[in-house]
Amino acid sequence: MNEPLSSERRGRGHVIRVAHVAEFSERSSSGVDRMVFGLVSHLDPDGVQAEVWDLNPSHASVTERRVGSVSVFQLPCRTRVRSSLLGLPEATRRFIRERRDGIDLLHLHSVFIPENVWVARLARLPYVLTPNGGYSPKVLAGNNRIAKFVWMKMWERDYARNASMIHAVSRQELEELRATFGARPFVFVPNAIDLPAEVPTPADRMLGPSKRIVFLGRLAIDHKGLDVLLEGYASYVRNQRDTDTELIVAGPDFRSGREELEALAASLLQSGQVRFTGPLFGPDKEALLRSAYVFVHTSRWEGMPFAVLEALAMGCPVLVTAATNLGEYVDEFGAGVVVDGSAQSVAEGLRRLLEIPAEDYATLCSAARRLASARFTWPTVAEQMTSEYDKIPR
């Protein structure tokens with residue numbers, strides 16, 4: 001089939017069969033995993049019949065498991081270095097050859113993953129590629145930049161250029177992708193969130209002995225700007241003689257970031273003013289977000305961070321950098337403060353949020369919830385993605 005499958009024809013029983021190549025986990029600190037889980041779980045089966053191909057070295061054989069209504073095929077692969085040299089194991093190659101006739105479209109998530117390149121080449125199907133910020137100039141110039149440069153020259157650039165569509169999760173990423181790859185089919189469809197049924201009131205957030213400032217995410221210092229966050233918070237505490245706040249830093253360690261951050265916090269602040277909790281999931285994470293007075297995310301680069309969307313959905317005002325790619329929305333809805341990424345701007349942003357009158361704080365809380373519900377809900381985003389799938393010739 002070489003023509004897009006129209007909505008009218010889908011309404012008569014035709015569906016687009018899409019295989020997502022990614023991990024499929026709701027209980028994950030990875031924003032990519034959670035994006036895949038949310039999108040696949042909300043695609044309307046009358047329009048898109050979705051399954052997941054999960055390639056991982058820990059899978060000894062090809063197996064199938066069910067997660068709700070979704071089929072997840074667990075496929076063996078080699079380690080990343082061995083995959084780059086040797087390609088896919090025969091069992092996975094055989095699965096793809098046998099399965100591809102039942103698939104219209106691949107959707108591959110993240111970049112610089114050799115096994116994804118081999119899947120796309122072997123399947124010989126149209127595919128959507130979602131880099132999730134992986135082609136950002138700062139990422140390309142960051143860790144393993146020489147290996148990335150070599151792999152980009154050998155395989156990755158053609159892999160991206162052969163995609164039927166490249167999916168950006170923010171407008172900033174869309175512009176960066178255009179600058180990198182030129183005139184390709186691009187689309188902007190944001191990440192999304194499930195709205196909680198109930199959110200705490202502003203008064204609830206003011207309960208307790210202190211106003212709680214919360215960061216939630218991987219403890220990647222340079223990426224997440226956590227050094228600037230600690231320096232900015234320390235400056236706020238010092239300048240305002242603050243004794244009424246605490247900073248909670250929650251998330252999994254990354255390259256010994258926690259040890260470095262704990263040392264920095266000890267050098268800047270008194271004991272007890274910063275607390276590191278490690279990763280939180282489920283009810284524990286929800287309880288932390290419900291208790292937050294301000295949610296902070298001071299990234300130097302991003303795709304579109306789920307943690308900020310979760311905080312907004314919970315009705316919590318946010319302090320974010322423009323690099324989160326959410327600043328324009330926060331400004332538009334009046335849901336918090338956007339800072340430039342310096343310690344001084346973080347300190348000033350915290351002062352503005354923590355010292356406003358109670359009625360103005362309540363307005364911020366309402367705006368945060370309104371922003372999440374207006375722009376970042378899964379049913380709306382899944383419908384957008386279905387429409388984009390529909391445009392791809394097959």
# chains A, B, ... in the order shown; residues from 1 in each chain; ligands from 1

call {"tool": "select_by_dssp", "arguments": {"residues": "range 104-314 of chain A", "states": "strand (DSSP E or B)", "output": "PyMOL selection string"}}
result
chain A and resi 105-109+127-130+165-168+186-188+193+211-216+219+245-250+253+274-278+294-297

call {"tool": "select_by_dssp", "arguments": {"residues": "range 122-283 of chain A", "states": "alpha helix (DSSP H)", "output": "PyMOL selection string"}}
result
chain A and resi 122-123+137-140+145-151+157-161+171-181+202-205+221-224+226-240+257-268+282-283

call {"tool": "closest_atom_pairs", "arguments": {"of": "range 231-328 of chain A", "to": "range 29-33 of chain A", "cutoff": "10 Å", "atoms": "only C-alpha atoms", "output": "CSV"}}
result
residue,atom,partner,partner_atom,distance
A:Gly251,CA,A:Ser29,CA,7.5
A:Pro252,CA,A:Ser29,CA,7.5
A:Pro279,CA,A:Ser29,CA,7.6
A:Leu280,CA,A:Ser29,CA,8.5
A:Phe281,CA,A:Ser29,CA,8.1
A:Gly303,CA,A:Gly31,CA,9.2
A:Met304,CA,A:Gly31,CA,8.4
A:Pro305,CA,A:Gly31,CA,6.7
A:Phe306,CA,A:Gly31,CA,5.9
A:Ala307,CA,A:Gly31,CA,8.2

call {"tool": "closest_residue", "arguments": {"among": "A:Glu259, A:Val40, A:Pro126, A:Thr277", "to": "His20 in chain A", "atoms": "only C-alpha atoms"}}
result
A:Val40

call {"tool": "closest_residue", "arguments": {"among": "A:Ala372, A:Val249, A:Val139, A:Val294", "to": "Glu310 in chain A", "atoms": "only C-alpha atoms"}}
result
A:Ala372

call {"tool": "atom_distance", "arguments": {"atom1": "CA of Arg124 in chain A", "atom2": "CA of Ala91 in chain A"}}
result
17.5 Å

call {"tool": "atom_distance", "arguments": {"atom1": "CA of Arg82 in chain A", "atom2": "CA of Ala19 in chain A"}}
result
24.1 Å

call {"tool": "closest_residue", "arguments": {"among": "A:Pro76, A:Lys153, A:Val18, A:Ala263", "to": "Asp101 in chain A", "atoms": "only C-alpha atoms"}}
result
A:Val18
